[in-house]
$ cat my_file-v5.json   # JSON, C-alpha atoms
[["chain", "number", "residue", "atom", "x", "y", "z"],
["D", 1, "MET", "CA", -22.15, -12.48, -22.42],
["D", 2, "ALA", "CA", -19.46, -11.59, -24.90],
["D", 3, "VAL", "CA", -16.54, -9.94, -23.19],
["D", 4, "LYS", "CA", -13.89, -8.13, -25.17],
["D", 5, "ILE", "CA", -10.47, -7.05, -23.94],
["D", 6, "ARG", "CA", -9.03, -3.84, -25.37],
["D", 7, "PRO", "CA", -6.89, -0.82, -24.41],
["D", 8, "ILE", "CA", -8.66, 1.72, -22.23],
["D", 9, "THR", "CA", -9.66, 5.10, -23.69],
["D", 10, "LEU", "CA", -10.68, 8.35, -22.09],
["D", 11, "LYS", "CA", -14.30, 7.54, -22.96],
["D", 12, "ASP", "CA", -14.18, 4.58, -20.56],
["D", 13, "ALA", "CA", -13.44, 6.83, -17.56],
["D", 14, "ALA", "CA", -16.94, 6.79, -16.03],
["D", 15, "ASN", "CA", -17.50, 3.08, -16.64],
["D", 16, "PHE", "CA", -14.01, 2.25, -15.37],
["D", 17, "ARG", "CA", -14.73, 4.22, -12.23],
["D", 18, "LEU", "CA", -17.98, 2.30, -11.66],
["D", 19, "CYS", "CA", -16.16, -1.01, -11.99],
["D", 20, "LEU", "CA", -13.37, 0.11, -9.63],
["D", 21, "ASP", "CA", -15.94, 1.43, -7.16],
["D", 22, "THR", "CA", -17.88, -1.85, -7.12],
["D", 23, "VAL", "CA", -14.75, -3.89, -6.42],
["D", 24, "ALA", "CA", -13.59, -1.38, -3.77],
["D", 25, "LYS", "CA", -16.93, -1.52, -1.97],
["D", 26, "GLU", "CA", -16.72, -5.29, -1.62],
["D", 27, "ARG", "CA", -13.97, -4.48, 0.88],
["D", 28, "ARG", "CA", -12.18, -7.67, 0.03],
["D", 29, "HIS", "CA", -9.63, -7.14, -2.64],
["D", 30, "ILE", "CA", -8.26, -3.63, -3.02],
["D", 31, "TYR", "CA", -6.90, -0.94, -0.72],
["D", 32, "ASP", "CA", -9.46, 1.70, -1.61],
["D", 33, "TYR", "CA", -12.83, 1.69, 0.17],
["D", 34, "GLU", "CA", -14.31, 3.48, -2.83],
["D", 35, "ALA", "CA", -13.16, 4.79, -6.19],
["D", 36, "PRO", "CA", -11.69, 8.31, -6.39],
["D", 37, "PRO", "CA", -14.00, 11.02, -7.84],
["D", 38, "LEU", "CA", -14.42, 11.06, -11.62],
["D", 39, "PRO", "CA", -12.28, 14.16, -12.33],
["D", 40, "LYS", "CA", -9.37, 12.48, -10.54],
["D", 41, "ILE", "CA", -9.87, 9.24, -12.49],
["D", 42, "ARG", "CA", -10.00, 11.22, -15.72],
["D", 43, "GLN", "CA", -6.82, 13.12, -14.83],
["D", 44, "ARG", "CA", -4.93, 9.91, -14.00],
["D", 45, "LEU", "CA", -6.19, 8.24, -17.13],
["D", 46, "ARG", "CA", -5.10, 11.17, -19.28],
["D", 47, "LYS", "CA", -1.61, 10.99, -17.78],
["D", 48, "ARG", "CA", -1.39, 7.23, -18.27],
["D", 49, "LEU", "CA", -2.51, 7.48, -21.88],
["D", 50, "ARG", "CA", 0.02, 10.24, -22.53],
["D", 51, "GLU", "CA", 2.81, 8.18, -20.98],
["D", 52, "LYS", "CA", 1.67, 5.07, -22.88],
["D", 53, "ILE", "CA", 1.26, 3.12, -19.66],
["D", 54, "PRO", "CA", -0.07, -0.44, -20.27],
["D", 55, "HIS", "CA", -3.73, -0.22, -19.27],
["D", 56, "ILE", "CA", -6.55, -2.40, -20.63],
["D", 57, "VAL", "CA", -10.19, -3.10, -19.86],
["D", 58, "ALA", "CA", -12.56, -6.02, -20.26],
["D", 59, "VAL", "CA", -15.86, -4.75, -21.64],
["D", 60, "ASP", "CA", -19.28, -6.32, -21.99],
["D", 61, "GLY", "CA", -20.87, -3.99, -24.53],
["D", 62, "MET", "CA", -19.98, -0.53, -23.19],
["D", 63, "ARG", "CA", -19.79, -1.69, -19.60],
["D", 64, "VAL", "CA", -16.33, -2.06, -18.08],
["D", 65, "VAL", "CA", -16.32, -5.38, -16.19],
["D", 66, "GLY", "CA", -12.59, -5.62, -15.46],
["D", 67, "TRP", "CA", -9.28, -3.87, -15.84],
["D", 68, "ALA", "CA", -5.56, -4.44, -15.73],
["D", 69, "GLY", "CA", -2.71, -1.96, -15.72],
["D", 70, "VAL", "CA", 0.98, -1.79, -15.00],
["D", 71, "TYR", "CA", 1.36, 1.70, -13.60],
["D", 72, "ARG", "CA", 4.47, 3.80, -13.18],
["D", 73, "PRO", "CA", 5.44, 4.64, -9.59],
["D", 74, "GLY", "CA", 5.95, 8.26, -8.55],
["D", 75, "VAL", "CA", 9.70, 8.45, -8.00],
["D", 76, "PRO", "CA", 12.18, 8.22, -10.95],
["D", 77, "SER", "CA", 14.52, 5.86, -9.08],
["D", 78, "ILE", "CA", 11.80, 3.18, -9.20],
["D", 79, "TRP", "CA", 10.33, 3.89, -12.63],
["D", 80, "HIS", "CA", 11.86, 0.61, -13.84],
["D", 81, "CYS", "CA", 9.47, -1.31, -11.54],
["D", 82, "GLY", "CA", 5.84, -1.18, -12.69],
["D", 83, "ASP", "CA", 2.91, -1.71, -10.30],
["D", 84, "LEU", "CA", 0.37, -4.29, -11.45],
["D", 85, "SER", "CA", -3.29, -3.58, -10.78],
["D", 86, "ILE", "CA", -6.08, -5.91, -11.84],
["D", 87, "GLY", "CA", -9.74, -6.36, -10.99],
["D", 88, "LEU", "CA", -12.98, -7.93, -12.16],
["D", 89, "LEU", "CA", -16.64, -7.47, -11.28],
["D", 90, "PRO", "CA", -17.96, -10.37, -9.15],
["D", 91, "GLU", "CA", -20.18, -11.85, -11.87],
["D", 92, "TYR", "CA", -17.25, -12.03, -14.29],
["D", 93, "ARG", "CA", -14.89, -13.98, -12.05],
["D", 94, "GLY", "CA", -13.87, -17.60, -12.52],
["D", 95, "LEU", "CA", -14.13, -17.38, -16.32],
["D", 96, "GLY", "CA", -10.44, -17.02, -17.03],
["D", 97, "LEU", "CA", -10.74, -13.29, -17.68],
["D", 98, "GLY", "CA", -8.12, -12.46, -15.03],
["D", 99, "THR", "CA", -5.57, -14.66, -16.74],
["D", 100, "LYS", "CA", -6.36, -13.09, -20.11],
["D", 101, "LEU", "CA", -6.10, -9.57, -18.72],
["D", 102, "ALA", "CA", -2.86, -10.27, -16.87],
["D", 103, "THR", "CA", -1.22, -12.04, -19.81],
["D", 104, "ARG", "CA", -2.08, -9.23, -22.17],
["D", 105, "VAL", "CA", -1.05, -6.38, -19.89],
["D", 106, "LEU", "CA", 2.21, -8.09, -18.91],
["D", 107, "LYS", "CA", 3.03, -8.52, -22.58],
["D", 108, "MET", "CA", 2.50, -4.76, -23.05],
["D", 109, "ALA", "CA", 4.72, -4.11, -20.04],
["D", 110, "ARG", "CA", 7.60, -6.01, -21.58],
["D", 111, "GLY", "CA", 10.32, -3.62, -22.69],
["D", 112, "LYS", "CA", 8.68, -0.83, -20.69],
["D", 113, "TYR", "CA", 9.68, -2.06, -17.25],
["D", 114, "GLU", "CA", 12.46, -4.26, -15.87],
["D", 115, "PHE", "CA", 10.28, -5.64, -13.07],
["D", 116, "VAL", "CA", 6.59, -5.76, -12.28],
["D", 117, "ILE", "CA", 5.44, -5.68, -8.68],
["D", 118, "ALA", "CA", 2.06, -6.79, -7.40],
["D", 119, "ALA", "CA", 0.60, -6.19, -3.94],
["D", 120, "VAL", "CA", -2.19, -8.57, -2.97],
["D", 121, "VAL", "CA", -4.24, -9.05, 0.17],
["D", 122, "ARG", "CA", -3.23, -12.35, 1.79],
["D", 123, "LYS", "CA", -6.75, -13.83, 1.79],
["D", 124, "ASN", "CA", -7.22, -13.17, -1.95],
["D", 125, "LYS", "CA", -6.35, -16.72, -3.04],
["D", 126, "PRO", "CA", -7.53, -16.53, -6.68],
["D", 127, "ALA", "CA", -5.29, -13.51, -7.30],
["D", 128, "ARG", "CA", -2.31, -15.10, -5.58],
["D", 129, "LYS", "CA", -2.76, -18.22, -7.67],
["D", 130, "LEU", "CA", -3.00, -16.12, -10.81],
["D", 131, "PHE", "CA", 0.14, -14.13, -10.04],
["D", 132, "LYS", "CA", 2.04, -17.31, -9.28],
["D", 133, "LYS", "CA", 0.96, -18.75, -12.60],
["D", 134, "MET", "CA", 2.18, -15.58, -14.33],
["D", 135, "GLY", "CA", 5.65, -16.11, -12.85],
["D", 136, "PHE", "CA", 5.53, -13.79, -9.84],
["D", 137, "GLN", "CA", 7.53, -14.75, -6.76],
["D", 138, "LEU", "CA", 6.54, -13.79, -3.23],
["D", 139, "CYS", "CA", 9.07, -11.29, -1.87],
["D", 140, "GLY", "CA", 7.45, -10.26, 1.39],
["D", 141, "THR", "CA", 4.41, -10.06, 3.65],
["D", 142, "GLN", "CA", 3.35, -6.95, 5.56],
["D", 143, "LYS", "CA", 1.18, -7.84, 8.53],
["R", 1, "MET", "CA", 29.08, 20.88, 17.63],
["R", 2, "THR", "CA", 26.07, 20.86, 19.87],
["R", 3, "VAL", "CA", 23.11, 19.19, 18.32],
["R", 4, "LYS", "CA", 19.62, 19.54, 19.74],
["R", 5, "ILE", "CA", 16.62, 17.38, 18.99],
["R", 6, "ARG", "CA", 13.24, 19.07, 18.84],
["R", 7, "SER", "CA", 9.90, 19.22, 17.02],
["R", 8, "ALA", "CA", 9.89, 20.92, 13.66],
["R", 9, "THR", "CA", 8.03, 24.14, 12.89],
["R", 10, "GLN", "CA", 7.06, 25.84, 9.65],
["R", 11, "LYS", "CA", 10.22, 28.00, 10.02],
["R", 12, "ASP", "CA", 12.48, 24.96, 9.60],
["R", 13, "VAL", "CA", 11.11, 24.06, 6.19],
["R", 14, "ALA", "CA", 13.84, 25.58, 3.99],
["R", 15, "SER", "CA", 16.66, 24.15, 6.10],
["R", 16, "TYR", "CA", 14.90, 20.79, 6.34],
["R", 17, "ARG", "CA", 14.55, 20.71, 2.58],
["R", 18, "GLN", "CA", 18.28, 21.42, 2.17],
["R", 19, "CYS", "CA", 19.06, 18.52, 4.50],
["R", 20, "ILE", "CA", 16.90, 16.14, 2.48],
["R", 21, "ASP", "CA", 18.29, 17.47, -0.80],
["R", 22, "ALA", "CA", 21.89, 16.90, 0.34],
["R", 23, "ILE", "CA", 21.17, 13.29, 1.34],
["R", 24, "ALA", "CA", 19.14, 12.63, -1.82],
["R", 25, "LYS", "CA", 22.04, 13.86, -3.94],
["R", 26, "GLU", "CA", 24.41, 11.38, -2.33],
["R", 27, "ARG", "CA", 22.40, 8.79, -4.31],
["R", 28, "ARG", "CA", 22.88, 6.17, -1.64],
["R", 29, "TYR", "CA", 20.00, 6.25, 0.81],
["R", 30, "PHE", "CA", 16.83, 7.85, -0.60],
["R", 31, "PHE", "CA", 14.42, 6.98, -3.41],
["R", 32, "GLU", "CA", 14.40, 10.64, -4.44],
["R", 33, "TYR", "CA", 17.29, 11.93, -6.53],
["R", 34, "GLU", "CA", 16.64, 15.43, -5.16],
["R", 35, "ALA", "CA", 14.21, 17.15, -2.80],
["R", 36, "SER", "CA", 10.91, 18.32, -4.28],
["R", 37, "PRO", "CA", 10.56, 22.05, -5.09],
["R", 38, "LEU", "CA", 10.21, 24.32, -2.06],
["R", 39, "ALA", "CA", 6.54, 25.18, -2.60],
["R", 40, "GLU", "CA", 5.55, 21.52, -2.89],
["R", 41, "PHE", "CA", 7.77, 20.67, 0.05],
["R", 42, "ARG", "CA", 6.19, 23.40, 2.18],
["R", 43, "ALA", "CA", 2.71, 22.04, 1.49],
["R", 44, "LEU", "CA", 3.86, 18.55, 2.46],
["R", 45, "ILE", "CA", 5.29, 19.72, 5.79],
["R", 46, "ARG", "CA", 2.23, 21.83, 6.53],
["R", 47, "GLU", "CA", 0.15, 18.66, 6.10],
["R", 48, "THR", "CA", 2.47, 16.65, 8.36],
["R", 49, "LEU", "CA", 2.33, 19.30, 11.09],
["R", 50, "ARG", "CA", -1.42, 19.74, 10.76],
["R", 51, "LYS", "CA", -2.04, 16.02, 11.13],
["R", 52, "LYS", "CA", 0.32, 15.94, 14.12],
["R", 53, "ALA", "CA", 2.30, 13.04, 12.67],
["R", 54, "PRO", "CA", 5.34, 12.23, 14.86],
["R", 55, "PHE", "CA", 8.21, 14.28, 13.46],
["R", 56, "LEU", "CA", 11.54, 15.29, 15.02],
["R", 57, "ILE", "CA", 14.53, 17.18, 13.71],
["R", 58, "ALA", "CA", 18.14, 17.47, 14.89],
["R", 59, "VAL", "CA", 19.47, 21.03, 14.67],
["R", 60, "ASP", "CA", 22.95, 22.47, 14.99],
["R", 61, "GLY", "CA", 22.14, 26.08, 15.74],
["R", 62, "GLU", "CA", 19.34, 26.74, 13.27],
["R", 63, "ARG", "CA", 20.57, 24.27, 10.67],
["R", 64, "VAL", "CA", 18.62, 21.04, 10.25],
["R", 65, "VAL", "CA", 21.18, 18.21, 10.24],
["R", 66, "GLY", "CA", 18.88, 15.22, 10.66],
["R", 67, "PHE", "CA", 15.26, 14.12, 10.98],
["R", 68, "ALA", "CA", 12.94, 11.23, 11.73],
["R", 69, "SER", "CA", 9.39, 11.38, 10.48],
["R", 70, "VAL", "CA", 6.28, 9.23, 10.51],
["R", 71, "LEU", "CA", 4.52, 9.37, 7.14],
["R", 72, "LEU", "CA", 0.81, 8.67, 7.08],
["R", 73, "TYR", "CA", -0.84, 6.64, 4.33],
["R", 74, "GLY", "CA", -3.49, 8.43, 2.29],
["R", 75, "LEU", "CA", -5.96, 5.52, 2.22],
["R", 76, "PRO", "CA", -8.36, 4.83, 5.11],
["R", 77, "SER", "CA", -7.77, 1.07, 4.76],
["R", 78, "LEU", "CA", -4.13, 1.66, 5.73],
["R", 79, "SER", "CA", -4.62, 4.35, 8.36],
["R", 80, "HIS", "CA", -3.86, 1.92, 11.21],
["R", 81, "ASN", "CA", -0.33, 1.73, 9.80],
["R", 82, "ALA", "CA", 2.29, 4.31, 8.93],
["R", 83, "ARG", "CA", 5.75, 4.53, 7.42],
["R", 84, "ILE", "CA", 8.85, 5.93, 8.95],
["R", 85, "GLY", "CA", 11.74, 7.75, 7.31],
["R", 86, "ILE", "CA", 14.96, 9.15, 8.72],
["R", 87, "GLY", "CA", 18.04, 10.92, 7.41],
["R", 88, "ILE", "CA", 21.21, 12.51, 8.76],
["R", 89, "LEU", "CA", 23.79, 14.75, 7.06],
["R", 90, "PRO", "CA", 27.13, 12.99, 6.42],
["R", 91, "GLU", "CA", 29.15, 15.01, 8.96],
["R", 92, "TYR", "CA", 26.68, 14.10, 11.70],
["R", 93, "ARG", "CA", 26.60, 10.34, 11.24],
["R", 94, "ASP", "CA", 27.86, 7.68, 13.66],
["R", 95, "ILE", "CA", 27.35, 9.81, 16.76],
["R", 96, "GLY", "CA", 24.07, 8.24, 17.85],
["R", 97, "LEU", "CA", 21.74, 10.85, 16.37],
["R", 98, "GLY", "CA", 19.79, 8.35, 14.26],
["R", 99, "THR", "CA", 18.99, 6.19, 17.26],
["R", 100, "LYS", "CA", 17.93, 9.21, 19.32],
["R", 101, "LEU", "CA", 15.72, 10.60, 16.55],
["R", 102, "THR", "CA", 14.11, 7.26, 15.70],
["R", 103, "ALA", "CA", 13.56, 6.24, 19.32],
["R", 104, "GLY", "CA", 11.98, 9.69, 19.82],
["R", 105, "VAL", "CA", 9.42, 9.36, 17.05],
["R", 106, "LEU", "CA", 8.70, 5.73, 18.01],
["R", 107, "LYS", "CA", 7.79, 6.99, 21.46],
["R", 108, "MET", "CA", 5.53, 9.66, 19.96],
["R", 109, "ALA", "CA", 3.92, 7.04, 17.69],
["R", 110, "ARG", "CA", 3.17, 4.64, 20.54],
["R", 111, "GLY", "CA", -0.52, 3.82, 20.79],
["R", 112, "LYS", "CA", -1.30, 5.61, 17.53],
["R", 113, "PHE", "CA", -0.63, 2.80, 15.07],
["R", 114, "ASP", "CA", -0.77, -1.00, 14.84],
["R", 115, "PHE", "CA", 2.32, -1.31, 12.67],
["R", 116, "LEU", "CA", 5.09, 0.90, 11.42],
["R", 117, "PHE", "CA", 6.75, 0.02, 8.14],
["R", 118, "LEU", "CA", 9.88, 1.20, 6.47],
["R", 119, "GLU", "CA", 11.90, 0.66, 3.35],
["R", 120, "VAL", "CA", 15.68, 0.56, 3.49],
["R", 121, "PHE", "CA", 18.20, -0.16, 0.75],
["R", 122, "ALA", "CA", 19.96, -3.51, 1.26],
["R", 123, "LYS", "CA", 23.44, -1.96, 1.17],
["R", 124, "ASN", "CA", 22.59, 0.56, 3.90],
["R", 125, "LYS", "CA", 23.90, -1.63, 6.72],
["R", 126, "ARG", "CA", 24.09, 1.20, 9.24],
["R", 127, "ALA", "CA", 20.38, 1.97, 8.97],
["R", 128, "ARG", "CA", 19.35, -1.70, 8.93],
["R", 129, "LYS", "CA", 21.27, -2.29, 12.13],
["R", 130, "LEU", "CA", 19.68, 0.74, 13.75],
["R", 131, "TYR", "CA", 16.17, -0.44, 12.86],
["R", 132, "MET", "CA", 16.90, -3.99, 14.09],
["R", 133, "ASN", "CA", 18.12, -2.57, 17.39],
["R", 134, "LEU", "CA", 14.87, -0.63, 17.76],
["R", 135, "GLY", "CA", 12.69, -3.72, 17.26],
["R", 136, "PHE", "CA", 11.94, -3.71, 13.54],
["R", 137, "GLU", "CA", 11.95, -7.04, 11.72],
["R", 138, "VAL", "CA", 12.46, -7.80, 8.06],
["R", 139, "CYS", "CA", 9.18, -8.68, 6.30],
["R", 140, "GLY", "CA", 10.29, -8.69, 2.68],
["R", 141, "ARG", "CA", 12.86, -7.84, 0.09],
["R", 142, "ILE", "CA", 12.17, -6.50, -3.41],
["R", 143, "LYS", "CA", 14.95, -7.27, -5.83],
["R", 144, "LYS", "CA", 16.62, -4.39, -7.67],
["R", 145, "ASN", "CA", 13.72, -2.14, -6.74],
["R", 146, "VAL", "CA", 15.79, 1.04, -6.86],
["R", 147, "LYS", "CA", 18.24, 2.27, -9.46],
["R", 148, "GLY", "CA", 20.44, 5.25, -10.20],
["R", 149, "LEU", "CA", 22.40, 4.96, -6.97],
["R", 150, "VAL", "CA", 26.16, 5.63, -6.96],
["R", 151, "TYR", "CA", 26.63, 1.88, -6.99],
["R", 152, "GLY", "CA", 23.82, 1.15, -9.48],
["R", 153, "TYR", "CA", 20.85, -0.99, -8.45],
["R", 154, "ASP", "CA", 19.93, -2.13, -4.99],
["R", 155, "ASP", "CA", 17.34, -4.38, -3.36],
["R", 156, "VAL", "CA", 14.80, -2.71, -1.11],
["R", 157, "VAL", "CA", 14.32, -4.36, 2.27],
["R", 158, "LEU", "CA", 10.90, -3.98, 3.94],
["R", 159, "MET", "CA", 10.78, -3.89, 7.72],
["R", 160, "GLN", "CA", 7.96, -3.64, 10.22],
["R", 161, "LYS", "CA", 7.44, -3.11, 13.92],
["R", 162, "GLN", "CA", 4.34, -4.00, 15.86],
["R", 163, "MET", "CA", 3.25, -0.99, 17.90],
["R", 164, "ARG", "CA", 0.40, -2.53, 19.92],
["R", 165, "ARG", "CA", -0.99, -5.96, 20.59]]
$ encode --input "my_file-v5.json" --output "structure tokens"
Amino acid sequence: MAVKIRPITLKDAANFRLCLDTVAKERRHIYDYEAPPLPKIRQRLRKRLREKIPHIVAVDGMRVVGWAGVYRPGVPSIWHCGDLSIGLLPEYRGLGLGTKLATRVLKMARGKYEFVIAAVVRKNKPARKLFKKMGFQLCGTQK
Amino acid sequence: MTVKIRSATQKDVASYRQCIDAIAKERRYFFEYEASPLAEFRALIRETLRKKAPFLIAVDGERVVGFASVLLYGLPSLSHNARIGIGILPEYRDIGLGTKLTAGVLKMARGKFDFLFLEVFAKNKRARKLYMNLGFEVCGRIKKNVKGLVYGYDDVVLMQKQMRR
């Protein structure tokens, strides 16, 4: 499989949602139990594209197999701290794609944010290892 | 001044918003620089009241001078937890209102959640002390997470309290 990493476009909305939904339904890695409905995804995506938010996807053909984004929080007083989000479909893990996605999206985030914050579930060891490698420091644990 | 603590109703919304707006504009304690527009604010409060989230206000006459509120998370995977937020107008600080309000909502929240979380700015010693006294413990600190305060940046301290075993 030849996987390409590129910026997300509005055309990816449905495929991005499928990818997000698959990872959510594993109930292992992300807060959502399922992806939000497509119109909501589309609306968020439109806003992110307009605001030039760093947001990329890994695609195998047309299929979105992973994503990474550094999103802007809701309140202006914390706009200088971006929220990192990253995910990969199960069959595309362990190939170094996460590192590639994170490196690329963090590079895009440079100059846009002063800090990047990542929330990760404690048992998600691969992600914690990845974030550590990218220079993240642990600043707290919520039980 | 005689201050009463009671549950909020839809009628308190405008006064409650003014209270939040005044504290936000101090640029010392809240993430918001100002309260959201009244219509949006009204919808938010309606939701809080409908979901019966623990919520108390302190009133001097009809004027809202302080509040403590439990904010629910939107996601089902976090619904066993909630966040708490409080605020008191400057002239009503240091007379024990914060403790009364917070202890009140903690009592209302008992049995409803596993954990309560909160975020407090590092320089807000008064609030941190209050939360410590009520059984919250520090679980993290995010460096320079907030900016635009009267004194510039501040760290955000995360605290949590276990509500059932």
$ residues_around --input "my_file-v5.json" --residues "segment 49-61 of chain D" --least-positions-apart "4" --cutoff "9 Å" --atoms "all atoms listed in the file" --output "PyMOL selection string"
chain D and resi 1-10+12+16+44-45+65-72+88+97+101+104-109+112
$ write_last_selection --input "my_file-v5.json" --atoms "C-alpha atoms" --output "mmCIF file, keeping the file's coordinate frame"
data_model
loop_
_atom_site.group_PDB
_atom_site.id
_atom_site.type_symbol
_atom_site.label_atom_id
_atom_site.label_comp_id
_atom_site.auth_asym_id
_atom_site.auth_seq_id
_atom_site.Cartn_x
_atom_site.Cartn_y
_atom_site.Cartn_z
ATOM 1 C CA MET D 1 -22.150 -12.480 -22.420
ATOM 2 C CA ALA D 2 -19.460 -11.590 -24.900
ATOM 3 C CA VAL D 3 -16.540 -9.940 -23.190
ATOM 4 C CA LYS D 4 -13.890 -8.130 -25.170
ATOM 5 C CA ILE D 5 -10.470 -7.050 -23.940
ATOM 6 C CA ARG D 6 -9.030 -3.840 -25.370
ATOM 7 C CA PRO D 7 -6.890 -0.820 -24.410
ATOM 8 C CA ILE D 8 -8.660 1.720 -22.230
ATOM 9 C CA THR D 9 -9.660 5.100 -23.690
ATOM 10 C CA LEU D 10 -10.680 8.350 -22.090
ATOM 11 C CA ASP D 12 -14.180 4.580 -20.560
ATOM 12 C CA PHE D 16 -14.010 2.250 -15.370
ATOM 13 C CA ARG D 44 -4.930 9.910 -14.000
ATOM 14 C CA LEU D 45 -6.190 8.240 -17.130
ATOM 15 C CA VAL D 65 -16.320 -5.380 -16.190
ATOM 16 C CA GLY D 66 -12.590 -5.620 -15.460
ATOM 17 C CA TRP D 67 -9.280 -3.870 -15.840
ATOM 18 C CA ALA D 68 -5.560 -4.440 -15.730
ATOM 19 C CA GLY D 69 -2.710 -1.960 -15.720
ATOM 20 C CA VAL D 70 0.980 -1.790 -15.000
ATOM 21 C CA TYR D 71 1.360 1.700 -13.600
ATOM 22 C CA ARG D 72 4.470 3.800 -13.180
ATOM 23 C CA LEU D 88 -12.980 -7.930 -12.160
ATOM 24 C CA LEU D 97 -10.740 -13.290 -17.680
ATOM 25 C CA LEU D 101 -6.100 -9.570 -18.720
ATOM 26 C CA ARG D 104 -2.080 -9.230 -22.170
ATOM 27 C CA VAL D 105 -1.050 -6.380 -19.890
ATOM 28 C CA LEU D 106 2.210 -8.090 -18.910
ATOM 29 C CA LYS D 107 3.030 -8.520 -22.580
ATOM 30 C CA MET D 108 2.500 -4.760 -23.050
ATOM 31 C CA ALA D 109 4.720 -4.110 -20.040
ATOM 32 C CA LYS D 112 8.680 -0.830 -20.690
#
$ atom_distance --input "my_file-v5.json" --atom1 "atom CA of Arg46 of chain R" --atom2 "atom CA of Ala14 of chain R"
12.5 Å
$ atom_distance --input "my_file-v5.json" --atom1 "atom CA of Ala8 of chain R" --atom2 "atom CA of Leu56 of chain R"
6.0 Å
$ closest_atom_pairs --input "my_file-v5.json" --of "chain R" --to "chain D" --cutoff "10 Å" --atoms "only C-alpha atoms" --output "CSV"
residue,atom,partner,partner_atom,distance
R:Arg27,CA,D:Ser77,CA,9.7
R:Phe30,CA,D:Ser77,CA,9.0
R:Phe31,CA,D:Ser77,CA,5.8
R:Glu32,CA,D:Val75,CA,6.3
R:Tyr33,CA,D:Ser77,CA,7.1
R:Gly74,CA,D:Asp32,CA,9.8
R:Leu75,CA,D:Asp32,CA,6.4
R:Pro76,CA,D:Tyr33,CA,7.4
R:Ser77,CA,D:Tyr31,CA,5.9
R:Leu78,CA,D:Tyr31,CA,7.5
R:Asn81,CA,D:Lys143,CA,9.8
R:Asp114,CA,D:Lys143,CA,9.5
R:Phe115,CA,D:Lys143,CA,7.8
R:Leu116,CA,D:Gln142,CA,9.9
R:Phe117,CA,D:Gln142,CA,8.2
R:Val138,CA,D:Gly140,CA,8.7
R:Cys139,CA,D:Gly140,CA,5.4
R:Gly140,CA,D:Gly140,CA,3.5
R:Arg141,CA,D:Cys139,CA,5.5
R:Ile142,CA,D:Cys139,CA,5.9
R:Lys143,CA,D:Cys139,CA,8.1
R:Lys144,CA,D:Phe115,CA,8.4
R:Asn145,CA,D:Ile78,CA,6.2
R:Val146,CA,D:Ile78,CA,5.1
R:Lys147,CA,D:Ser77,CA,5.2
R:Gly148,CA,D:Ser77,CA,6.1
R:Leu149,CA,D:Ser77,CA,8.2
R:Tyr153,CA,D:Ser77,CA,9.3
R:Val157,CA,D:Gly140,CA,9.1
R:Leu158,CA,D:Gly140,CA,7.6
R:Met159,CA,D:Gln142,CA,8.3
R:Gln160,CA,D:Gln142,CA,7.3
R:Lys161,CA,D:Lys143,CA,9.5
R:Gln162,CA,D:Lys143,CA,8.9
$ atom_distance --input "my_file-v5.json" --atom1 "atom CA of Arg128 of chain R" --atom2 "atom CA of Gln137 of chain D"
23.6 Å
$ residues_around --input "my_file-v5.json" --residues "Gly98 of chain D" --least-positions-apart "3" --cutoff "8 Å" --atoms "only C-alpha atoms" --output "list of chain:residue names"
D:Ile86, D:Gly87, D:Leu88, D:Arg93, D:Leu95, D:Leu101, D:Ala102, D:Leu130
$ residues_around --input "my_file-v5.json" --residues "Pro36 of chain D" --least-positions-apart "3" --cutoff "8 Å" --atoms "only C-alpha atoms" --output "PyMOL selection string"
chain D and resi 17+40-41
$ write_last_selection --input "my_file-v5.json" --atoms "C-alpha atoms" --output "PDB file, in the coordinates of the input"
ATOM      1  CA  ARG D  17     -14.730   4.220 -12.230  1.00  0.00           C
ATOM      2  CA  LYS D  40      -9.370  12.480 -10.540  1.00  0.00           C
ATOM      3  CA  ILE D  41      -9.870   9.240 -12.490  1.00  0.00           C
TER       4      ILE D  41
END
$ residues_around --input "my_file-v5.json" --residues "Ile88 of chain R" --least-positions-apart "6" --cutoff "8 Å" --atoms "only C-alpha atoms" --output "ChimeraX atom specification"
/R:19,23,65-67,97-98
$ residues_around --input "my_file-v5.json" --residues "Ala109 of chain R" --least-positions-apart "4" --cutoff "12 Å" --atoms "all atoms listed in the file" --output "list in words"
Lys52, Ala53, Pro54, Phe55, Leu56, Ala68, Ser69, Val70, Leu71, Leu72, His80, Asn81, Ala82, Arg83, Ile84, Thr102, Ala103, Gly104, Val105, Phe113, Asp114, Phe115, Leu116, Lys161, Gln162, Met163 and Arg164 of chain R
$ build_atoms --input "my_file-v5.json" --residues "segment 54-59 of chain R" --atoms "N, CA and C atoms" --output "PDB file, in the coordinates of the input"
ATOM      1  N   PRO R  54       4.065  12.151  14.134  1.00  0.00           N
ATOM      2  CA  PRO R  54       5.340  12.230  14.860  1.00  0.00           C
ATOM      3  C   PRO R  54       6.476  12.660  13.934  1.00  0.00           C
ATOM      4  N   PHE R  55       7.205  13.688  14.338  1.00  0.00           N
ATOM      5  CA  PHE R  55       8.210  14.280  13.460  1.00  0.00           C
ATOM      6  C   PHE R  55       9.231  15.026  14.308  1.00  0.00           C
ATOM      7  N   LEU R  56      10.484  14.626  14.241  1.00  0.00           N
ATOM      8  CA  LEU R  56      11.540  15.290  15.020  1.00  0.00           C
ATOM      9  C   LEU R  56      12.686  15.691  14.100  1.00  0.00           C
ATOM     10  N   ILE R  57      13.335  16.799  14.447  1.00  0.00           N
ATOM     11  CA  ILE R  57      14.530  17.180  13.710  1.00  0.00           C
ATOM     12  C   ILE R  57      15.703  17.351  14.669  1.00  0.00           C
ATOM     13  N   ALA R  58      16.923  17.158  14.127  1.00  0.00           N
ATOM     14  CA  ALA R  58      18.140  17.470  14.890  1.00  0.00           C
ATOM     15  C   ALA R  58      18.678  18.759  14.299  1.00  0.00           C
ATOM     16  N   VAL R  59      18.964  19.749  15.155  1.00  0.00           N
ATOM     17  CA  VAL R  59      19.470  21.030  14.670  1.00  0.00           C
ATOM     18  C   VAL R  59      20.802  21.363  15.323  1.00  0.00           C
TER      19      VAL R  59
END
